[in-house]
$ cat run09.cif   # mmCIF, C-alpha atoms
data_work
#
loop_
_atom_site.label_atom_id
_atom_site.label_comp_id
_atom_site.auth_asym_id
_atom_site.auth_seq_id
_atom_site.Cartn_x
_atom_site.Cartn_y
_atom_site.Cartn_z
CA MET X 14 0.00 0.00 0.00
CA SER X 15 1.41 3.36 -0.94
CA SER X 16 0.46 6.29 1.26
CA ILE X 17 2.25 9.01 -0.69
CA THR X 18 -0.02 12.04 -0.70
CA GLU X 19 0.14 14.68 -3.40
CA PHE X 20 0.11 18.25 -2.07
CA ASP X 21 -2.02 20.91 -3.76
CA ASP X 22 -0.29 24.21 -4.58
CA GLU X 23 -1.76 26.03 -1.55
CA ILE X 24 -0.51 23.36 0.84
CA ARG X 25 2.80 23.18 -1.02
CA ALA X 26 3.30 26.92 -0.42
CA ILE X 27 2.75 26.51 3.32
CA GLU X 28 5.10 23.53 3.37
CA ASN X 29 7.72 25.70 1.65
CA ASP X 30 7.53 28.28 4.44
CA ILE X 31 7.93 25.54 7.04
CA PHE X 32 10.82 24.10 5.06
CA LYS X 33 12.66 27.43 5.05
CA PHE X 34 12.03 27.90 8.75
CA LEU X 35 13.41 24.49 9.63
CA MET X 36 16.45 24.89 7.35
CA SER X 37 17.58 27.74 9.63
CA TYR X 38 16.44 26.08 12.86
CA SER X 39 19.37 26.25 15.29
CA LEU X 40 19.56 22.54 16.06
CA PHE X 41 19.62 21.63 12.35
CA ILE X 42 22.40 24.02 11.42
CA GLY X 43 25.82 22.55 10.78
CA GLN X 44 24.60 19.41 9.02
CA LYS X 45 24.94 18.82 5.29
CA ALA X 46 22.28 20.66 3.31
CA THR X 47 21.24 17.57 1.33
CA PHE X 48 20.78 15.58 4.54
CA THR X 49 18.77 18.34 6.26
CA THR X 50 16.62 18.89 3.17
CA ILE X 51 15.57 15.25 2.98
CA LYS X 52 15.07 15.07 6.73
CA ILE X 53 12.74 18.07 6.64
CA TYR X 54 10.62 16.51 3.88
CA PHE X 55 10.15 13.47 6.09
CA ILE X 56 9.10 15.85 8.87
CA THR X 57 6.42 17.46 6.72
CA ARG X 58 5.36 14.46 4.60
CA LYS X 59 5.90 11.41 6.83
CA CYS X 60 6.01 8.89 3.93
CA LEU X 61 8.22 9.25 0.85
CA THR X 62 9.74 7.23 -1.98
CA GLN X 63 13.05 7.89 -3.73
CA GLU X 64 11.15 9.04 -6.79
CA LYS X 65 9.04 11.51 -4.82
CA LEU X 66 12.14 12.85 -3.08
CA GLN X 67 13.83 13.38 -6.42
CA GLU X 68 10.83 15.35 -7.61
CA LEU X 69 10.78 17.48 -4.44
CA THR X 70 14.49 18.15 -4.05
CA GLY X 71 15.99 17.81 -7.50
CA PHE X 72 18.89 15.83 -6.02
CA SER X 73 20.44 12.94 -7.91
CA ARG X 74 19.36 9.39 -7.19
CA GLY X 75 22.78 8.64 -5.76
CA THR X 76 22.65 11.49 -3.28
CA ILE X 77 19.15 10.56 -2.20
CA SER X 78 19.95 6.91 -1.63
CA GLN X 79 23.07 7.88 0.32
CA GLU X 80 21.15 10.23 2.62
CA LEU X 81 18.34 7.69 3.03
CA LYS X 82 20.88 5.13 4.22
CA LYS X 83 22.19 7.66 6.74
CA LEU X 84 18.68 8.42 8.00
CA ILE X 85 17.92 4.72 8.40
CA SER X 86 21.16 4.05 10.29
CA MET X 87 20.29 6.91 12.63
CA LYS X 88 16.86 5.35 13.16
CA LEU X 89 15.16 8.53 11.97
CA ILE X 90 13.23 6.72 9.22
CA GLU X 91 12.34 3.15 8.37
CA LYS X 92 11.22 1.13 5.35
CA THR X 93 7.48 0.67 5.65
CA SER X 94 6.40 -0.98 2.42
CA VAL X 95 7.48 -2.22 -0.99
CA SER X 96 5.14 -1.88 -3.98
CA ASN X 97 4.53 -4.48 -6.67
CA THR X 98 7.04 -2.70 -8.88
CA GLY X 99 9.63 -2.88 -6.10
CA GLU X 100 9.40 0.74 -5.03
CA ILE X 101 10.19 1.25 -1.35
CA THR X 102 8.28 3.64 0.89
CA TYR X 103 10.22 5.15 3.78
CA SER X 104 8.59 6.87 6.71
CA MET X 105 9.38 8.99 9.75
CA LYS X 106 6.69 7.99 12.20
CA ASN X 107 6.80 11.04 14.41
CA PRO X 108 8.40 14.36 13.33
CA ILE X 109 9.79 14.99 16.81
CA ILE X 110 12.27 12.12 16.36
CA ALA X 111 14.28 14.43 14.10
CA PHE X 112 14.45 17.13 16.76
CA ILE X 113 15.40 14.77 19.56
CA HIS X 114 18.10 13.26 17.40
CA SER X 115 19.69 16.66 16.67
CA PHE X 116 19.59 17.46 20.32
CA ARG X 117 21.53 14.29 21.16
CA ASN X 118 24.19 15.31 18.60
CA LEU X 119 24.59 18.54 20.51
CA THR X 120 25.28 16.54 23.67
CA ASN X 121 28.17 14.79 21.96
CA ASP X 122 29.56 18.14 20.84
CA ILE X 123 29.51 19.51 24.34
CA SER X 124 31.25 16.45 25.78
CA LYS X 125 33.92 16.86 23.12
CA PHE X 126 34.45 20.53 24.02
CA ALA X 127 34.45 19.68 27.71
CA LYS X 128 37.51 17.49 27.19
CA ARG X 129 39.42 20.20 25.34
CA ILE X 130 38.49 22.86 27.88
CA ASN X 131 39.59 20.72 30.80
CA THR X 132 42.91 19.89 29.13
CA ILE X 133 43.73 23.58 28.66
CA LYS X 134 42.69 24.31 32.22
CA GLU X 135 45.01 21.59 33.56
CA ASP X 136 47.92 22.94 31.48
CA ILE X 137 47.38 26.46 32.74
CA GLU X 138 47.17 25.29 36.35
CA LYS X 139 50.48 23.44 35.90
CA ASP X 140 52.16 26.56 34.42
CA LYS X 141 50.49 28.96 36.82
CA ILE X 142 53.51 29.85 39.00
CA VAL X 143 55.65 30.63 35.95
CA ILE X 144 53.09 32.57 33.94
CA GLU X 145 50.79 34.26 36.45
CA ASN X 146 52.64 37.57 36.26
CA LEU X 147 52.57 37.71 32.48
CA HIS X 148 50.33 40.24 30.78
CA GLY X 149 46.93 38.75 29.94
CA PHE X 150 47.08 35.92 32.47
CA ASP X 151 44.13 37.18 34.53
CA ASN X 152 41.78 37.40 31.53
CA VAL X 153 42.73 34.02 30.09
CA TYR X 154 42.54 32.41 33.52
CA GLN X 155 39.10 33.89 34.15
CA LEU X 156 37.68 32.72 30.82
CA ILE X 157 39.00 29.16 31.10
CA ASN X 158 37.51 28.91 34.58
CA VAL X 159 34.15 30.23 33.48
CA LEU X 160 34.10 27.73 30.61
CA ALA X 161 35.21 24.86 32.82
CA ASN X 162 32.63 25.73 35.46
CA SER X 163 29.86 25.86 32.90
CA ILE X 164 30.53 22.30 31.71
CA PRO X 165 28.76 20.51 34.59
CA PHE X 166 25.96 23.03 34.14
CA SER X 167 25.55 22.27 30.44
CA LEU X 168 25.94 18.53 30.86
CA GLU X 169 23.44 18.33 33.71
CA LEU X 170 21.01 20.45 31.72
CA ILE X 171 21.36 18.19 28.73
CA LYS X 172 21.07 15.01 30.80
CA THR X 173 17.81 16.22 32.30
CA ILE X 174 16.41 17.24 28.94
CA ASP X 175 17.51 13.95 27.41
CA ILE X 176 15.69 11.86 30.03
CA GLU X 177 12.55 13.93 29.69
CA LEU X 178 12.66 13.70 25.91
CA ALA X 179 13.00 9.94 26.00
CA ASN X 180 9.91 9.77 28.19
CA TYR X 181 8.07 12.07 25.81
CA GLN X 182 9.04 10.00 22.79
CA ASP X 183 7.76 6.82 24.43
CA GLU X 184 4.40 8.28 25.27
CA MET K 11 43.39 87.07 55.18
CA GLN K 12 44.97 88.66 52.13
CA ASN K 13 42.79 90.02 49.40
CA ASN K 14 43.76 89.45 45.78
CA SER K 15 45.81 92.58 45.26
CA GLU K 16 47.71 91.83 48.46
CA LYS K 17 48.33 88.29 47.23
CA LEU K 18 49.62 89.64 43.95
CA LYS K 19 52.05 91.93 45.73
CA HIS K 20 53.20 89.02 47.90
CA ILE K 21 53.86 86.93 44.80
CA LEU K 22 55.97 89.62 43.23
CA ASP K 23 57.94 90.12 46.47
CA LEU K 24 58.64 86.37 46.66
CA THR K 25 59.73 86.37 43.02
CA GLU K 26 62.15 89.19 43.72
CA SER K 27 63.76 87.40 46.64
CA ILE K 28 63.99 84.08 44.75
CA THR K 29 65.66 85.85 41.85
CA GLN K 30 68.15 87.60 44.08
CA GLU K 31 69.05 84.30 45.73
CA PHE K 32 69.47 82.65 42.32
CA LEU K 33 71.68 85.42 41.00
CA SER K 34 73.90 85.37 44.09
CA GLN K 35 74.41 81.60 43.83
CA ASN K 36 74.63 81.07 40.08
CA ASN K 37 77.18 83.39 38.66
CA GLY K 38 76.90 83.75 34.93
CA ILE K 39 73.85 81.51 34.43
CA SER K 40 71.08 83.00 32.34
CA ILE K 41 68.02 84.33 34.12
CA ASN K 42 65.91 82.78 31.33
CA ASN K 43 66.79 79.38 32.71
CA LEU K 44 65.30 80.31 36.08
CA LYS K 45 62.24 81.85 34.39
CA GLU K 46 61.53 78.61 32.51
CA LYS K 47 61.89 76.50 35.63
CA ILE K 48 59.66 78.67 37.79
CA LYS K 49 57.06 78.90 35.04
CA ASP K 50 56.94 75.14 34.78
CA PHE K 51 56.85 74.80 38.58
CA LEU K 52 53.87 77.15 38.81
CA PHE K 53 51.77 76.12 35.86
CA ASN K 54 52.53 72.42 35.36
CA PRO K 55 50.06 70.31 37.41
CA LEU K 56 52.85 67.75 37.90
CA TRP K 57 54.26 69.92 40.73
CA ASP K 58 50.92 69.85 42.57
CA ILE K 59 51.46 66.24 43.63
CA ASP K 60 52.03 66.17 47.39
CA SER K 61 54.27 63.11 47.33
CA LEU K 62 56.82 65.15 45.35
CA TYR K 63 57.37 67.42 48.35
CA GLN K 64 57.56 64.42 50.66
CA LEU K 65 60.17 62.94 48.33
CA LYS K 66 62.19 66.14 48.42
CA ARG K 67 61.98 66.41 52.22
CA ILE K 68 63.11 62.83 52.81
CA PHE K 69 65.90 63.23 50.29
CA LYS K 70 67.17 66.32 52.15
CA ASP K 71 66.92 64.49 55.49
CA LEU K 72 69.17 61.74 54.12
CA ASP K 73 71.90 64.34 53.59
CA LEU K 74 73.84 62.19 51.07
CA ASP K 75 77.27 62.91 49.58
CA ASP K 76 77.77 63.06 45.79
CA LYS K 77 78.23 59.33 45.39
CA GLY K 78 75.21 58.54 47.57
CA THR K 79 73.12 60.96 45.55
CA ASN K 80 74.22 59.31 42.31
CA ASP K 81 73.42 55.82 43.55
CA LEU K 82 70.03 56.90 44.79
CA TRP K 83 69.23 58.52 41.47
CA LYS K 84 70.07 55.31 39.64
CA LEU K 85 67.56 53.44 41.81
CA ILE K 86 64.95 56.10 41.23
CA GLU K 87 65.51 55.94 37.47
CA GLU K 88 65.09 52.15 37.49
CA THR K 89 61.78 52.56 39.29
CA PHE K 90 60.66 55.08 36.67
CA ASP K 91 61.44 52.69 33.83
CA LEU K 92 59.85 49.70 35.52
CA CYS K 93 56.60 51.58 36.12
CA SER K 94 56.46 52.87 32.59
CA ALA K 95 57.12 49.39 31.14
CA ARG K 96 54.35 47.92 33.27
CA GLN K 97 51.94 50.61 32.14
CA LEU K 98 52.74 50.03 28.47
CA LYS K 99 52.25 46.30 28.87
CA SER K 100 48.89 46.58 30.58
CA LYS K 101 47.64 48.71 27.71
CA SER K 102 48.81 46.34 25.01
CA HIS K 103 46.29 44.03 23.37
CA VAL K 104 48.97 41.43 22.67
CA TYR K 105 49.33 38.96 25.50
CA GLU K 106 52.77 37.81 26.62
CA GLY K 107 54.58 34.58 25.79
CA LYS K 108 52.71 31.44 26.70
CA ILE K 109 49.54 33.38 27.56
CA ARG K 110 49.15 34.14 23.86
CA VAL K 111 49.37 30.39 23.14
CA TYR K 112 46.61 29.62 25.63
CA GLU K 113 44.59 32.52 24.29
CA LYS K 114 44.73 31.03 20.78
CA GLN K 115 43.65 27.61 22.10
CA LEU K 116 40.64 29.16 23.80
CA ILE K 117 39.67 31.03 20.64
CA GLU K 118 39.91 27.77 18.65
CA ILE K 119 37.41 26.11 21.00
CA LEU K 120 35.01 29.04 20.73
CA VAL K 121 35.30 28.98 16.93
CA ASP K 122 34.58 25.24 16.80
CA ALA K 123 31.67 25.65 19.20
CA GLY K 124 30.36 28.46 17.01
CA LYS K 125 30.59 26.26 13.91
CA THR K 126 28.21 23.71 15.42
CA LYS K 127 25.73 26.55 15.75
CA GLY K 128 26.36 27.70 12.21
CA GLN K 129 28.46 30.74 13.09
CA ASN K 130 31.32 31.57 10.76
CA ALA K 131 34.87 31.49 12.11
CA VAL K 132 35.56 35.25 11.78
CA PHE K 133 32.42 36.07 13.73
CA ALA K 134 33.16 33.56 16.49
CA SER K 135 36.78 34.60 16.93
CA ILE K 136 35.84 38.28 17.15
CA ILE K 137 33.41 37.42 19.94
CA GLY K 138 36.13 35.34 21.62
CA TYR K 139 38.71 38.13 21.55
CA LEU K 140 36.17 40.68 22.77
CA LEU K 141 35.30 38.32 25.63
CA LEU K 142 38.94 38.27 26.69
CA HIS K 143 39.87 41.90 26.02
CA ARG K 144 36.47 43.50 26.51
CA SER K 145 37.25 46.40 24.14
CA LEU K 146 39.21 46.34 20.89
CA THR K 147 39.52 48.40 17.72
CA GLN K 148 39.22 46.98 14.22
CA THR K 149 42.99 47.25 13.71
CA GLN K 150 43.66 45.36 16.93
CA LEU K 151 41.15 42.68 15.91
CA LYS K 152 42.89 42.33 12.57
CA GLN K 153 46.24 41.78 14.33
CA LEU K 154 44.84 39.26 16.80
CA THR K 155 42.64 37.20 14.48
CA GLY K 156 44.78 37.36 11.35
CA TYR K 157 41.70 37.93 9.21
CA SER K 158 41.50 40.61 6.53
CA LYS K 159 40.10 44.03 7.30
CA GLY K 160 37.19 43.36 4.96
CA ALA K 161 36.19 40.11 6.64
CA ILE K 162 36.38 41.73 10.05
CA SER K 163 34.38 44.79 9.14
CA GLN K 164 31.69 42.56 7.64
CA SER K 165 31.39 40.58 10.87
CA LEU K 166 31.52 43.71 12.98
CA GLN K 167 28.62 45.09 11.02
CA LEU K 168 26.60 42.01 11.92
CA LEU K 169 27.74 42.29 15.52
CA SER K 170 26.88 45.97 15.79
CA ASN K 171 23.25 45.06 15.30
CA ALA K 172 23.44 42.87 18.39
CA PRO K 173 22.48 44.75 21.54
CA ALA K 174 25.43 43.20 23.43
CA ILE K 175 27.96 45.16 21.33
CA LYS K 176 28.75 48.81 21.89
CA LYS K 177 30.48 50.84 19.17
CA GLU K 178 32.11 54.14 20.14
CA PRO K 179 34.28 56.51 18.11
CA LEU K 180 37.85 56.91 19.41
CA GLU K 181 38.83 60.47 20.17
CA GLY K 182 41.06 62.03 17.51
CA GLN K 183 41.13 58.86 15.41
CA ARG K 184 39.10 57.49 12.55
CA GLU K 185 38.66 54.21 14.41
CA PHE K 186 35.89 52.76 16.51
CA LEU K 187 36.20 50.89 19.75
CA TYR K 188 34.04 47.78 20.03
CA THR K 189 32.99 46.63 23.49
CA LEU K 190 31.18 43.48 24.49
CA GLY K 191 28.42 44.20 26.97
CA ALA K 192 27.68 40.64 28.04
CA ASP K 193 30.09 39.11 30.51
CA MET K 194 31.95 35.81 30.30
CA ALA K 195 29.50 33.86 32.44
CA ASP K 196 26.56 34.85 30.20
CA ILE K 197 28.30 33.65 27.09
CA ALA K 198 29.76 30.49 28.60
CA SER K 199 26.46 29.23 29.92
CA ASN K 200 25.04 29.77 26.44
CA ILE K 201 27.35 27.31 24.69
CA GLY K 202 25.07 24.66 23.31
CA SER K 203 22.19 25.94 25.34
CA TYR K 204 18.71 24.94 24.58
CA LYS K 205 17.19 28.35 24.50
CA SER K 206 13.56 28.80 25.37
CA GLU K 207 13.23 31.81 23.02
CA SER K 208 13.94 29.64 19.99
CA ASN K 209 11.18 27.26 21.10
CA GLU K 210 8.74 30.10 21.57
CA LEU K 211 9.62 31.49 18.18
CA ALA K 212 8.97 28.09 16.61
CA ILE K 213 5.60 27.76 18.35
CA LYS K 214 4.51 31.16 17.13
CA PHE K 215 5.58 30.43 13.57
CA LEU K 216 4.04 26.97 13.40
CA LYS K 217 0.73 28.05 14.92
CA ASN K 218 0.57 30.71 12.27
CA LYS K 219 1.04 28.05 9.60
CA LEU K 220 -1.69 25.93 11.21
CA GLN K 221 -4.10 28.82 10.76
CA GLU K 222 -3.13 29.13 7.10
CA LEU K 223 -3.70 25.41 6.72
CA GLU K 224 -7.19 25.71 8.21
CA ILE K 225 -8.21 27.95 5.32
CA ASN K 226 -7.26 25.12 2.96
CA ARG K 227 -9.03 22.23 4.67
CA ASP K 228 -10.37 20.86 1.39
CA LYS K 229 -6.97 20.75 -0.32
CA ASN K 230 -4.82 17.66 -0.86
CA GLY K 231 -2.07 17.43 1.73
CA TYR K 232 -4.00 19.37 4.37
CA GLU K 233 -4.56 16.37 6.57
CA ILE K 234 -1.02 15.06 6.78
CA LEU K 235 0.74 18.45 7.02
CA SER K 236 -1.57 19.78 9.73
CA LYS K 237 -1.12 16.58 11.74
CA ARG K 238 2.67 16.87 11.49
CA VAL K 239 2.71 20.56 12.40
CA THR K 240 0.41 19.96 15.38
CA LYS K 241 2.83 17.33 16.67
CA MET K 242 5.73 19.76 16.34
CA VAL K 243 3.85 22.52 18.17
CA LYS K 244 3.10 20.15 21.04
CA PHE K 245 6.74 19.15 21.18
CA PHE K 246 8.01 22.75 21.31
CA GLU K 247 5.44 23.61 23.96
CA TYR K 248 6.67 20.68 25.97
CA ASN K 249 10.25 21.98 25.63
CA VAL K 250 9.27 25.38 26.99
CA SER K 251 7.67 23.86 30.08
CA LEU K 252 10.62 21.53 30.50
CA LEU K 253 13.07 24.44 30.42
CA GLU K 254 11.03 26.29 33.03
CA LYS K 255 11.19 23.25 35.24
CA ILE K 256 14.96 22.95 34.82
CA LYS K 257 15.54 26.64 35.53
CA GLU K 258 13.79 26.17 38.85
CA SER K 259 15.80 23.10 39.81
CA SER K 260 18.19 23.49 42.73
CA PHE K 261 21.18 22.18 40.77
CA ILE K 262 21.02 24.99 38.22
CA LYS K 263 20.41 27.61 40.88
CA GLU K 264 23.49 26.53 42.83
CA LEU K 265 25.67 26.57 39.74
CA LYS K 266 24.56 30.03 38.80
CA GLU K 267 25.47 31.28 42.25
CA ASP K 268 28.92 29.64 42.07
CA ASN K 269 29.68 31.33 38.79
#
$ encode --input "run09.cif" --output "structure tokens"
Amino acid sequence: MSSITEFDDEIRAIENDIFKFLMSYSLFIGQKATFTTIKIYFITRKCLTQEKLQELTGFSRGTISQELKKLISMKLIEKTSVSNTGEITYSMKNPIIAFIHSFRNLTNDISKFAKRINTIKEDIEKDKIVIENLHGFDNVYQLINVLANSIPFSLELIKTIDIELANYQDE
Amino acid sequence: MQNNSEKLKHILDLTESITQEFLSQNNGISINNLKEKIKDFLFNPLWDIDSLYQLKRIFKDLDLDDKGTNDLWKLIEETFDLCSARQLKSKSHVYEGKIRVYEKQLIEILVDAGKTKGQNAVFASIIGYLLLHRSLTQTQLKQLTGYSKGAISQSLQLLSNAPAIKKEPLEGQREFLYTLGADMADIASNIGSYKSESNELAIKFLKNKLQELEINRDKNGYEILSKRVTKMVKFFEYNVSLLEKIKESSFIKELKEDN
């Protein structure tokens, strides 16, 4: 059964506005444009085939199949049906999956930065006696401490949000 | 109490006696020399500093011979130079030795963090340097970041629109001084933050689209798109309430106080 719905022009125009809005949505920024584009069409349309995606995005078949593979491996979409002619329908069950996934990526980023920040802080502490009278020490020392202190804050914040989001997704 | 004309007469009397003393002690030295010195002594605010007179009194009390005087002067000169070097350094925007290395490492982190939010590198490093130095001119930013003047001025234009940045003309120069209003703690706690304003903005936008969809109830695609948008709105609304809850939690409150 194929559940691909055609959109009338009026609906297509509204979808376009939503598309533009989501393309600049802060959590989606920084990912490849082709990936984000396809992801957003799954957010608005739920079910799509490769052919439909090609029509909507104008991307090559190769690009589309590559990004579809990525979306499947990230568990953002799944194969839902295969037609008599062998055409596969992919679907994103709930649009919020895409948002929650981007949020989890952000968590990884912060953990990565946390490591780098703590390494610099340790180096500065080791050098402190030698360099504390040098010009600029106070400012650099202050900033590294503020950053280091904000790490537990950010991580705790993210942990809490993550737990809550998981609950929300299950509901 | 003397009135002004009495004071004036007193001044002239004192001048006469100082001159006579000078002439009796300094045979052959030009009176113009004395004039210059007295003029400077009277009109230059430098000689109003009380510690100068203390300095002179203590020096006289010491009653040093020529060699002692010379040695003391050497020490005084060293102190002059040290103070002036320290002053120059504190004004410089270029940090010393290893501090500059650490500064660059910090900027790199801020640039990478900015990239994940879609900020360009010039923009993020300008913010980083302003965080550290508070105020900088465009020329100083060019030296520190290594970016071209054009790239910097483009980013500064973007930044000037942000309320956190103050732009003031520098006296007697064609340059502007840029100052970051927000402090370090504000910015640091914003790295990767999950801002409630962006959620509220999304809710407002999506609800607007839902209304537009309602006008097109009979059109193909209405059903699926309105269902999807409704789910998103609910999700963003949930985020807002979640953030409120987190802000109230004791853990966050304690951390904010520590910082």
$ resolve_selection --input "run09.cif" --expression "the PyMOL selection byres ((chain X and resi 142-145) around 12)" --output "VMD selection string"
(chain X and resid 136 to 141 146 to 155) or (chain K and resid 105 to 112)
$ closest_atom_pairs --input "run09.cif" --of "chain X" --to "chain K" --cutoff "8 Å" --atoms "only C-alpha atoms" --output "Markdown table"
| residue | atom | partner | partner_atom | distance |
| --- | --- | --- | --- | --- |
| X:Thr18 | CA | K:Gly231 | CA | 6.3 |
| X:Glu19 | CA | K:Gly231 | CA | 6.2 |
| X:Phe20 | CA | K:Gly231 | CA | 4.5 |
| X:Asp21 | CA | K:Asn230 | CA | 5.2 |
| X:Glu23 | CA | K:Asn226 | CA | 7.2 |
| X:Ile24 | CA | K:Gly231 | CA | 6.2 |
| X:Ile27 | CA | K:Lys219 | CA | 6.7 |
| X:Glu28 | CA | K:Leu235 | CA | 7.6 |
| X:Ile31 | CA | K:Leu216 | CA | 7.6 |
| X:Ser39 | CA | K:Lys127 | CA | 6.4 |
| X:Leu40 | CA | K:Lys127 | CA | 7.4 |
| X:Ile42 | CA | K:Gly128 | CA | 5.5 |
| X:Gly43 | CA | K:Thr126 | CA | 5.3 |
| X:Ile56 | CA | K:Arg238 | CA | 7.0 |
| X:Thr57 | CA | K:Leu235 | CA | 5.8 |
| X:Arg58 | CA | K:Leu235 | CA | 6.6 |
| X:Lys59 | CA | K:Ile234 | CA | 7.8 |
| X:Asn107 | CA | K:Arg238 | CA | 7.7 |
| X:Pro108 | CA | K:Arg238 | CA | 6.5 |
| X:Ile109 | CA | K:Met242 | CA | 6.3 |
| X:Leu119 | CA | K:Gly202 | CA | 6.7 |
| X:Asp122 | CA | K:Thr126 | CA | 7.9 |
| X:Ile123 | CA | K:Gly202 | CA | 6.9 |
| X:Phe126 | CA | K:Ile119 | CA | 7.0 |
| X:Arg129 | CA | K:Ile119 | CA | 7.6 |
| X:Ile130 | CA | K:Ile119 | CA | 7.7 |
| X:Ile133 | CA | K:Tyr112 | CA | 7.3 |
| X:Ile137 | CA | K:Tyr112 | CA | 7.8 |
| X:Ile144 | CA | K:Lys108 | CA | 7.3 |
| X:Leu147 | CA | K:Glu106 | CA | 5.9 |
| X:His148 | CA | K:Glu106 | CA | 5.4 |
| X:Gly149 | CA | K:Tyr105 | CA | 5.1 |
| X:Phe150 | CA | K:Ile109 | CA | 6.1 |
| X:Asn152 | CA | K:Leu142 | CA | 5.7 |
| X:Val153 | CA | K:Glu113 | CA | 6.3 |
| X:Leu156 | CA | K:Met194 | CA | 6.5 |
| X:Ile157 | CA | K:Leu116 | CA | 7.5 |
| X:Val159 | CA | K:Ala195 | CA | 6.0 |
| X:Leu160 | CA | K:Ala198 | CA | 5.5 |
| X:Asn162 | CA | K:Asn269 | CA | 7.2 |
| X:Ser163 | CA | K:Ser199 | CA | 5.6 |
| X:Phe166 | CA | K:Leu265 | CA | 6.6 |
| X:Ser167 | CA | K:Ser199 | CA | 7.0 |
| X:Leu170 | CA | K:Ile256 | CA | 7.2 |
| X:Thr173 | CA | K:Ile256 | CA | 7.7 |
| X:Ile174 | CA | K:Leu252 | CA | 7.4 |
| X:Glu177 | CA | K:Leu252 | CA | 7.9 |
$ resolve_selection --input "run09.cif" --expression "the PyMOL selection byres ((chain X and resi 63) around 8)" --output "list in words"
Leu61, Thr62, Glu64, Lys65, Leu66, Gln67, Arg74, Ile77, Ser78, Ile101 and Thr102 of chain X
$ write_last_selection --input "run09.cif" --atoms "C-alpha atoms" --output "compact mmCIF listing (two decimals), in the frame of the given file"
# COMPACT_ATOMS: atom_id res chain seq x y z
CA LEU X 61 8.22 9.25 0.85
CA THR X 62 9.74 7.23 -1.98
CA GLU X 64 11.15 9.04 -6.79
CA LYS X 65 9.04 11.51 -4.82
CA LEU X 66 12.14 12.85 -3.08
CA GLN X 67 13.83 13.38 -6.42
CA ARG X 74 19.36 9.39 -7.19
CA ILE X 77 19.15 10.56 -2.20
CA SER X 78 19.95 6.91 -1.63
CA ILE X 101 10.19 1.25 -1.35
CA THR X 102 8.28 3.64 0.89
$ resolve_selection --input "run09.cif" --expression "the PyMOL selection byres ((chain K and resi 179-186) around 10)" --output "list of chain:residue names"
K:Leu146, K:Thr147, K:Gln148, K:Thr149, K:Lys176, K:Lys177, K:Glu178, K:Leu187, K:Tyr188, K:Thr189
$ closest_residue --input "run09.cif" --among "K:Thr29, K:Asn37, K:Gln150, K:Ser94" --to "Ile162 (chain K)" --atoms "all atoms listed in the file"
K:Gln150
$ residues_near_point --input "run09.cif" --point "(17.5, 19.4, 8.8)" --cutoff "7 Å" --atoms "only C-alpha atoms" --output "PDB file with C-alpha atoms, in the frame of the given file"
ATOM      1  CA  LEU X  35      13.410  24.490   9.630  1.00  0.00           C
ATOM      2  CA  MET X  36      16.450  24.890   7.350  1.00  0.00           C
ATOM      3  CA  PHE X  41      19.620  21.630  12.350  1.00  0.00           C
ATOM      4  CA  PHE X  48      20.780  15.580   4.540  1.00  0.00           C
ATOM      5  CA  THR X  49      18.770  18.340   6.260  1.00  0.00           C
ATOM      6  CA  THR X  50      16.620  18.890   3.170  1.00  0.00           C
ATOM      7  CA  LYS X  52      15.070  15.070   6.730  1.00  0.00           C
ATOM      8  CA  ILE X  53      12.740  18.070   6.640  1.00  0.00           C
TER       9      ILE X  53
END
$ atom_distance --input "run09.cif" --atom1 "CA of Tyr103 (chain X)" --atom2 "CA of Tyr38 (chain X)"
23.6 Å
$ residues_around --input "run09.cif" --residues "Arg117 (chain X)" --least-positions-apart "4" --cutoff "9 Å" --atoms "all atoms listed in the file" --output "VMD selection string"
chain X and resid 112 to 113 121 to 122 171 175
$ atom_distance --input "run09.cif" --atom1 "CA of Tyr157 (chain K)" --atom2 "CA of Phe133 (chain K)"
10.5 Å
$ atom_distance --input "run09.cif" --atom1 "CA of Leu74 (chain K)" --atom2 "CA of Ile59 (chain K)"
23.9 Å
$ residues_around --input "run09.cif" --residues "Ile48 (chain K)" --least-positions-apart "5" --cutoff "12 Å" --atoms "all atoms listed in the file" --output "compact mmCIF listing (two decimals) with C-alpha atoms, in the frame of the given file"
# COMPACT_ATOMS: atom_id res chain seq x y z
CA LEU K 24 58.64 86.37 46.66
CA THR K 25 59.73 86.37 43.02
CA ILE K 28 63.99 84.08 44.75
CA THR K 29 65.66 85.85 41.85
CA PHE K 32 69.47 82.65 42.32
CA ILE K 41 68.02 84.33 34.12
CA ASN K 42 65.91 82.78 31.33
CA ASN K 43 66.79 79.38 32.71
CA PHE K 53 51.77 76.12 35.86
CA ASN K 54 52.53 72.42 35.36
CA TRP K 57 54.26 69.92 40.73
$ residues_around --input "run09.cif" --residues "Leu89 (chain X)" --least-positions-apart "5" --cutoff "7 Å" --atoms "all atoms listed in the file" --output "list of chain:residue names"
X:Leu84, X:Met105, X:Ile110, X:Ala111
